[in-house]
>>> print(open('start_34.txt').read())   # compact mmCIF, C-alpha atoms and all ligand atoms
# COMPACT_ATOMS: atom_id res chain seq x y z
CA MET A 19 59.17 36.36 2.08
CA SER A 20 58.36 32.79 2.62
CA PHE A 21 54.72 33.29 3.49
CA PHE A 22 51.91 35.85 3.74
CA ARG A 23 49.44 36.66 6.47
CA LEU A 24 45.79 37.48 5.77
CA LYS A 25 43.86 39.01 8.66
CA ILE A 26 40.36 37.61 8.26
CA PRO A 27 37.58 39.27 10.28
CA LEU A 28 35.67 37.39 12.97
CA PRO A 29 32.26 39.09 13.00
CA GLY A 30 30.64 38.78 16.42
CA MET A 31 33.76 37.48 18.16
CA GLU A 32 35.79 39.51 20.63
CA LEU A 33 39.08 38.37 19.10
CA GLY A 34 38.40 40.55 16.05
CA HIS A 35 40.36 38.56 13.47
CA VAL A 36 42.01 35.25 12.72
CA ASN A 37 45.26 34.98 10.80
CA VAL A 38 45.21 32.82 7.72
CA TYR A 39 48.77 32.11 6.57
CA VAL A 40 49.49 31.52 2.91
CA LEU A 41 52.54 29.48 1.90
CA ARG A 42 53.98 28.75 -1.52
CA CYS A 43 53.71 25.02 -1.91
CA GLY A 44 54.95 23.15 -4.99
CA ASP A 45 52.98 24.50 -7.95
CA GLY A 46 50.21 25.80 -5.70
CA TYR A 47 49.64 27.30 -2.26
CA GLY A 48 48.94 26.02 1.22
CA LEU A 49 46.79 27.72 3.86
CA ILE A 50 47.17 27.42 7.60
CA ASP A 51 43.66 27.81 9.06
CA VAL A 52 40.83 29.19 6.95
CA GLY A 53 38.51 31.34 9.07
CA LEU A 54 34.91 31.59 10.13
CA ALA A 55 31.96 30.67 7.91
CA THR A 56 30.48 34.15 7.46
CA TYR A 57 29.96 36.43 4.48
CA ASP A 58 32.55 38.99 5.69
CA ALA A 59 35.18 36.37 6.28
CA ALA A 60 34.58 34.61 2.97
CA LEU A 61 34.84 37.89 1.07
CA SER A 62 37.95 38.88 2.97
CA LEU A 63 39.65 35.56 2.24
CA VAL A 64 38.90 35.67 -1.49
CA ARG A 65 39.94 39.34 -1.72
CA GLY A 66 43.10 38.69 0.30
CA LEU A 67 44.12 35.89 -2.03
CA LYS A 68 43.36 38.10 -5.02
CA SER A 69 45.58 40.87 -3.63
CA LEU A 70 48.41 38.33 -3.55
CA GLY A 71 47.70 37.34 -7.14
CA ILE A 72 46.45 33.91 -6.09
CA LYS A 73 43.39 32.27 -7.59
CA PRO A 74 41.36 30.21 -5.08
CA ALA A 75 41.79 27.17 -7.36
CA GLU A 76 45.54 27.36 -6.75
CA ILE A 77 45.07 26.39 -3.09
CA THR A 78 46.22 22.79 -2.98
CA LYS A 79 46.65 22.24 0.78
CA VAL A 80 44.74 23.36 3.85
CA TYR A 81 46.28 22.76 7.28
CA VAL A 82 43.97 23.40 10.20
CA THR A 83 45.46 23.87 13.68
CA HIS A 84 42.29 22.86 15.55
CA PHE A 85 38.57 22.41 15.19
CA HIS A 86 37.31 25.73 16.61
CA ALA A 87 34.79 27.59 14.44
CA ASP A 88 37.04 30.57 13.73
CA HIS A 89 39.73 28.28 12.31
CA ILE A 90 37.91 25.61 10.39
CA THR A 91 34.35 26.44 9.35
CA LEU A 92 35.25 28.24 6.13
CA ALA A 93 36.85 25.01 4.84
CA GLN A 94 33.70 24.14 2.93
CA LEU A 95 34.13 27.27 0.80
CA LEU A 96 37.67 26.19 -0.13
CA ALA A 97 36.38 22.73 -0.94
CA GLU A 98 33.83 24.28 -3.33
CA VAL A 99 36.20 26.58 -5.22
CA ALA A 100 39.36 24.46 -5.09
CA SER A 101 40.17 20.83 -4.37
CA PRO A 102 42.74 21.11 -1.63
CA ASP A 103 43.96 18.25 0.52
CA LEU A 104 42.60 18.98 3.98
CA TYR A 105 44.61 18.22 7.12
CA ILE A 106 43.65 18.24 10.80
CA GLY A 107 45.02 16.61 13.97
CA GLU A 108 43.97 12.98 14.22
CA LYS A 109 42.56 13.46 17.73
CA GLU A 110 40.15 16.17 16.58
CA LEU A 111 38.69 13.64 14.17
CA MET A 112 38.54 10.89 16.79
CA ASP A 113 37.18 12.84 19.76
CA ILE A 114 35.32 15.87 18.47
CA ALA A 115 33.78 15.20 15.09
CA THR A 116 30.61 13.76 16.59
CA SER A 117 27.08 14.88 17.28
CA PHE A 118 26.88 18.37 18.75
CA GLU A 119 23.80 17.40 20.77
CA GLU A 120 25.70 14.68 22.58
CA LEU A 121 28.64 16.95 23.34
CA ALA A 122 26.41 19.80 24.49
CA LYS A 123 24.36 17.52 26.74
CA MET A 124 27.52 16.19 28.36
CA TYR A 125 28.74 19.74 28.95
CA ALA A 126 25.45 20.94 30.45
CA GLU A 127 25.24 17.92 32.81
CA GLU A 128 28.83 18.21 33.91
CA TYR A 129 28.66 21.97 34.53
CA LYS A 130 25.50 21.52 36.61
CA ARG A 131 27.25 18.80 38.61
CA HIS A 132 29.97 21.36 39.26
CA GLY A 133 27.61 23.94 40.69
CA ALA A 134 26.69 26.03 37.63
CA PRO A 135 23.10 27.34 37.67
CA PRO A 136 20.97 25.57 35.05
CA ASP A 137 20.67 28.69 32.87
CA VAL A 138 24.44 28.98 32.61
CA ALA A 139 24.94 25.27 32.00
CA GLU A 140 22.22 25.08 29.37
CA ALA A 141 23.37 28.23 27.60
CA PHE A 142 26.05 26.03 26.13
CA LEU A 143 23.43 24.79 23.70
CA LYS A 144 22.71 28.29 22.42
CA VAL A 145 25.78 30.51 22.62
CA HIS A 146 28.64 28.16 21.96
CA PRO A 147 30.22 28.61 18.50
CA MET A 148 29.56 24.93 17.85
CA ALA A 149 25.87 25.74 18.13
CA ARG A 150 25.96 29.04 16.26
CA PHE A 151 27.97 27.56 13.38
CA ARG A 152 26.28 24.24 13.50
CA LYS A 153 25.38 24.07 9.82
CA ALA A 154 28.92 24.91 8.79
CA PHE A 155 30.28 22.26 11.17
CA GLU A 156 27.93 19.66 9.71
CA ASP A 157 29.32 20.42 6.25
CA VAL A 158 32.90 20.60 7.39
CA TRP A 159 32.87 17.23 9.17
CA LYS A 160 31.63 15.62 5.95
CA LEU A 161 34.77 16.73 4.10
CA ASP A 162 37.50 14.23 3.44
CA TRP A 163 40.02 15.17 6.19
CA ARG A 164 43.45 13.62 6.33
CA PRO A 165 44.50 12.90 9.92
CA VAL A 166 47.75 14.55 10.99
CA ARG A 167 49.95 12.52 13.32
CA ASP A 168 52.63 13.81 15.67
CA GLY A 169 55.87 14.39 13.78
CA ASP A 170 54.36 14.02 10.31
CA ALA A 171 56.46 15.62 7.56
CA LEU A 172 54.01 17.52 5.35
CA ASP A 173 54.19 19.40 2.08
CA CYS A 174 54.97 23.13 1.99
CA GLY A 175 58.06 22.44 4.15
CA LEU A 176 55.99 21.86 7.28
CA LYS A 177 56.29 19.40 10.12
CA ALA A 178 53.34 18.70 12.42
CA VAL A 179 53.71 18.71 16.18
CA TRP A 180 50.81 17.59 18.36
CA THR A 181 50.01 20.16 21.03
CA PRO A 182 46.90 18.95 22.89
CA GLY A 183 45.47 21.25 25.58
CA HIS A 184 43.48 24.11 24.05
CA THR A 185 41.70 21.34 22.13
CA PRO A 186 42.38 17.59 22.36
CA GLY A 187 43.89 17.40 18.89
CA HIS A 188 45.53 20.81 18.43
CA VAL A 189 48.49 20.78 16.02
CA VAL A 190 51.19 23.39 15.40
CA TYR A 191 53.00 23.46 12.07
CA VAL A 192 56.75 23.91 12.18
CA ALA A 193 58.66 25.50 9.30
CA ASP A 194 62.41 26.13 9.16
CA PHE A 195 61.80 29.88 9.75
CA GLY A 196 59.36 29.57 12.67
CA VAL A 197 56.29 27.88 14.09
CA PHE A 198 52.63 28.44 13.15
CA THR A 199 51.18 28.14 16.63
CA GLY A 200 47.43 28.32 16.04
CA ASP A 201 45.81 29.02 19.44
CA HIS A 202 48.43 27.02 21.35
CA VAL A 203 50.60 30.10 21.94
CA LEU A 204 49.08 33.57 21.52
CA PRO A 205 50.90 36.87 22.06
CA LYS A 206 48.41 38.85 24.15
CA ILE A 207 45.97 36.46 25.76
CA THR A 208 46.26 33.09 27.42
CA PRO A 209 44.49 30.42 25.37
CA ASN A 210 41.39 29.03 27.03
CA ILE A 211 42.07 25.63 28.62
CA SER A 212 38.75 24.00 29.46
CA TRP A 213 37.35 20.65 30.46
CA TYR A 214 36.38 18.32 27.56
CA PRO A 215 33.94 15.42 27.76
CA ILE A 216 36.67 12.92 26.93
CA PRO A 217 37.65 10.19 29.42
CA ASP A 218 41.09 10.64 31.02
CA PHE A 219 41.81 13.89 29.20
CA ASN A 220 43.52 16.23 31.65
CA PRO A 221 43.57 19.42 29.58
CA LEU A 222 45.90 21.57 31.65
CA LYS A 223 48.40 18.76 32.16
CA GLU A 224 48.42 18.13 28.42
CA TYR A 225 48.66 21.85 27.70
CA LEU A 226 51.66 22.42 29.96
CA GLN A 227 53.42 19.43 28.40
CA SER A 228 52.59 20.78 24.93
CA LEU A 229 54.00 24.20 25.88
CA ARG A 230 57.31 22.66 26.98
CA LYS A 231 57.34 20.62 23.78
CA VAL A 232 57.43 23.75 21.57
CA SER A 233 59.69 25.91 23.73
CA ARG A 234 62.32 26.87 21.20
CA ALA A 235 64.15 30.05 20.25
CA THR A 236 62.39 30.79 17.00
CA LYS A 237 59.69 33.05 15.60
CA ALA A 238 56.06 32.21 16.27
CA PHE A 239 53.11 33.01 14.02
CA PRO A 240 49.88 32.85 16.02
CA ALA A 241 46.30 32.51 14.83
CA HIS A 242 45.35 35.79 16.52
CA GLY A 243 47.59 38.85 16.88
CA ASP A 244 51.06 39.62 15.61
CA GLU A 245 54.14 37.50 15.16
CA MET A 246 56.21 36.79 18.28
CA PRO A 247 60.00 37.22 17.97
CA ASP A 248 60.82 34.39 20.37
CA LEU A 249 58.51 31.48 21.02
CA SER A 250 60.38 30.27 24.10
CA THR A 251 59.92 33.64 25.85
CA ARG A 252 56.15 33.51 25.40
CA VAL A 253 56.05 29.85 26.45
CA ALA A 254 57.85 30.77 29.70
CA GLU A 255 55.26 33.53 30.35
CA LEU A 256 52.36 31.14 29.78
CA LEU A 257 53.90 28.49 32.04
CA SER A 258 54.28 30.99 34.88
CA HIS A 259 50.74 32.28 34.31
CA HIS A 260 49.38 28.78 34.97
CA GLU A 261 51.67 28.32 37.98
CA ARG A 262 50.15 31.49 39.46
CA ARG A 263 46.65 30.32 38.60
CA LEU A 264 47.19 26.94 40.26
CA ALA A 265 48.45 28.69 43.41
CA GLU A 266 45.45 31.03 43.32
CA VAL A 267 42.97 28.14 43.11
CA LEU A 268 44.66 26.34 46.01
CA LYS A 269 44.58 29.51 48.10
CA LEU A 270 40.88 30.04 47.40
CA LEU A 271 40.06 26.54 48.65
CA LYS A 272 39.99 27.42 52.36
CA GLU A 273 36.72 25.55 52.62
CA PRO A 274 35.04 23.05 50.28
CA MET A 275 33.74 24.73 47.13
CA THR A 276 32.28 23.80 43.79
CA THR A 277 34.08 24.54 40.53
CA TYR A 278 31.51 27.27 39.91
CA GLN A 279 32.20 28.94 43.26
CA ILE A 280 35.91 28.92 42.54
CA ALA A 281 35.37 30.43 39.07
CA GLN A 282 33.28 33.17 40.74
CA ARG A 283 36.17 34.03 43.05
CA MET A 284 39.12 33.83 40.68
CA ALA A 285 40.68 37.09 39.44
CA TRP A 286 39.95 37.38 35.73
CA ASP A 287 41.70 39.84 33.40
CA ALA A 288 38.37 40.66 31.77
CA GLY A 289 36.82 41.82 35.09
CA PRO A 290 34.67 40.21 37.78
CA PHE A 291 32.97 36.92 36.95
CA GLU A 292 29.50 38.24 37.78
CA GLN A 293 29.79 40.81 35.00
CA PHE A 294 30.65 38.22 32.36
CA ASP A 295 28.10 37.29 29.76
CA VAL A 296 27.08 33.68 29.83
CA TYR A 297 29.54 32.82 27.07
CA ASN A 298 32.54 34.01 29.07
CA LYS A 299 31.15 32.41 32.23
CA ILE A 300 31.22 29.07 30.47
CA PHE A 301 34.88 29.60 29.52
CA ALA A 302 35.74 30.72 33.07
CA ILE A 303 34.11 27.62 34.60
CA GLY A 304 36.00 25.43 32.14
CA GLU A 305 39.25 27.17 33.01
CA ALA A 306 38.69 26.75 36.76
CA TYR A 307 37.82 23.10 36.22
CA SER A 308 40.96 22.37 34.19
CA HIS A 309 43.12 23.78 36.99
CA LEU A 310 41.25 21.71 39.60
CA LEU A 311 41.70 18.54 37.55
CA TYR A 312 45.40 19.23 37.36
CA LEU A 313 45.64 19.81 41.12
CA GLU A 314 43.62 16.65 41.75
CA GLU A 315 46.07 14.55 39.77
CA GLN A 316 48.94 16.14 41.70
CA GLY A 317 47.21 15.06 44.93
CA ALA A 318 46.84 18.70 46.05
CA VAL A 319 43.01 18.68 46.05
CA ARG A 320 40.36 15.99 46.23
CA ARG A 321 36.69 15.91 45.34
CA ILE A 322 33.72 15.31 47.61
CA GLU A 323 30.86 13.83 45.59
CA LYS A 324 27.45 14.94 46.85
CA ASP A 325 24.51 16.05 44.72
CA VAL A 326 27.12 18.39 43.31
CA VAL A 327 30.90 18.05 43.35
CA TYR A 328 32.86 19.94 46.01
CA TRP A 329 36.60 20.35 46.09
CA THR A 330 38.78 20.44 49.16
CA ARG A 331 42.50 20.58 49.89
ZN ZN A 401 40.68 27.98 19.52
>>> encode(input="start_34.txt", output="C-alpha cells")
Amino acid sequence: MSFFRLKIPLPGMELGHVNVYVLRCGDGYGLIDVGLATYDAALSLVRGLKSLGIKPAEITKVYVTHFHADHITLAQLLAEVASPDLYIGEKELMDIATSFEELAKMYAEEYKRHGAPPDVAEAFLKVHPMARFRKAFEDVWKLDWRPVRDGDALDCGLKAVWTPGHTPGHVVYVADFGVFTGDHVLPKITPNISWYPIPDFNPLKEYLQSLRKVSRATKAFPAHGDEMPDLSTRVAELLSHHERRLAEVLKLLKEPMTTYQIAQRMAWDAGPFEQFDVYNKIFAIGEAYSHLLYLEEQGAVRRIEKDVVYWTR
C-alpha cells in the first residue's frame, strides 16, 4: 500500500474524526493534515504512528489542505517532536493568517448587515473554532510555513492543485493513485461554502470552478469519511447539489429578503434552521450568502442597501 490512513478523533465536533494520511517519503514520512489540538487527538496521532512503526521524528513533511482547526492546529506538536517542512496553500497565508479579532469583527458586522440578530452575529466570537482554538492558532501561525502554489510538484510524489472555495487557499494533493481532497470533496456531506471577509472573493463561484478542476476518474481520499472510488462521480453530485440550491434560493425570493431570512427558509439536511444551535446557524447564513453572491454576479438577483441588505430578483 502506498499510504496509510489514521482516523484522528475530533472531540466536540460533529464530524467525529479527521483523516490524517501517512505517506512514505524519501527516507522519512509525509503527513496530509494533522488534526485538532486536543489531548485525545494528540494521543491518537502518536499512537497511530507507533502502530505503523513510525517514530514522530521520522515525519519530514506536513502538507495541510486548509487552515481549519481540525486540519492544522496539531501542527505545533509535530514541530516540537520532529522538524518537518510545513506546507499550506499560499492564499491561506496571505488572507487568513491575521488577527482573529479583526476577522471576527468583520464577520459580526457583515452578518448583522445581512439581517442576523446581534446574538447570532456576535456568537462568532465565542463558538467559532478559530476562537475556541485560538491559542493553538497563535502558535501555528508562528511556524515557518512554506507557501504552496498551484501546480507545485512536491516531495512524496505529490502535486498541489489549488481548490479555493471551502477556504480561500484550499489545496488538494494529487498522487498517481488518487487525490487527497481535504474538505474540497467529501463523501457524505457537502462542504460548507461561506462568505469570507476578503474583497472580490466569490466563494461559490470559486468552489464550482475548483470542483470542475478536479473532476477526474480516480480515487479520492477525503479528510472526513471513507475513500471514494470515483472522484468525478462525487464532483458531479456536488455540482448538481449547488444547482438545486441556487434554484431554491431564487424561488424563495418572491419578495425582498435579507440573507438571514433566506437562510431561515432554506431546506437544510440537518433539520429546520430555528432548531440549529448558533454555530450551525452561522454556517447556514454563510451558505445562503455564498449562493446569493453567486446569483448576484450572474445578474439573477440584486441587492437593496438599506439599514440592512435586502435581496430581490
Ligand atoms: Zn474545513
>>> closest_residue(input="start_34.txt", among="A:Leu271, A:Leu61, A:Val36, A:Ala154", to="ligand ZN 401 (chain A)", atoms="all atoms listed in the file")
A:Val36
>>> closest_residue(input="start_34.txt", among="A:Ala134, A:Leu104, A:Ala178, A:Ala241", to="ligand ZN 401 (chain A)", atoms="all atoms listed in the file")
A:Ala241
>>> closest_residue(input="start_34.txt", among="A:Ser62, A:Thr91, A:Ser101, A:Gln227", to="Lys79 in chain A", atoms="only C-alpha atoms")
A:Ser101
>>> residues_near_ligand(input="start_34.txt", ligand="ligand ZN 401 (chain A)", cutoff="10 Å", atoms="only C-alpha atoms and all ligand atoms", output="PyMOL selection string")
chain A and resi 83-90+184-185+188+200-202+209-211+241-242
>>> closest_residue(input="start_34.txt", among="A:Glu261, A:Asp173, A:Glu108, A:Glu266", to="Val189 in chain A", atoms="all atoms listed in the file")
A:Glu108
>>> closest_residue(input="start_34.txt", among="A:Arg263, A:Gly133, A:Tyr191, A:Leu268", to="Gln282 in chain A", atoms="all atoms listed in the file")
A:Gly133
>>> residues_around(input="start_34.txt", residues="Ser258 in chain A", least_positions_apart="4", cutoff="12 Å", atoms="all atoms listed in the file", output="MDAnalysis selection string")
chainID A and resid 208 226 229:230 251:254 262:265
>>> write_last_selection(input="start_34.txt", atoms="C-alpha atoms", output="PDB file, keeping the file's coordinate frame")
ATOM      1  CA  THR A 208      46.260  33.090  27.420  1.00  0.00           C
ATOM      2  CA  LEU A 226      51.660  22.420  29.960  1.00  0.00           C
ATOM      3  CA  LEU A 229      54.000  24.200  25.880  1.00  0.00           C
ATOM      4  CA  ARG A 230      57.310  22.660  26.980  1.00  0.00           C
ATOM      5  CA  THR A 251      59.920  33.640  25.850  1.00  0.00           C
ATOM      6  CA  ARG A 252      56.150  33.510  25.400  1.00  0.00           C
ATOM      7  CA  VAL A 253      56.050  29.850  26.450  1.00  0.00           C
ATOM      8  CA  ALA A 254      57.850  30.770  29.700  1.00  0.00           C
ATOM      9  CA  ARG A 262      50.150  31.490  39.460  1.00  0.00           C
ATOM     10  CA  ARG A 263      46.650  30.320  38.600  1.00  0.00           C
ATOM     11  CA  LEU A 264      47.190  26.940  40.260  1.00  0.00           C
ATOM     12  CA  ALA A 265      48.450  28.690  43.410  1.00  0.00           C
TER      13      ALA A 265
END
>>> atom_distance(input="start_34.txt", atom1="CA of Glu127 in chain A", atom2="CA of Tyr278 in chain A")
13.3 Å
>>> atom_distance(input="start_34.txt", atom1="CA of Asn298 in chain A", atom2="CA of Thr330 in chain A")
25.0 Å
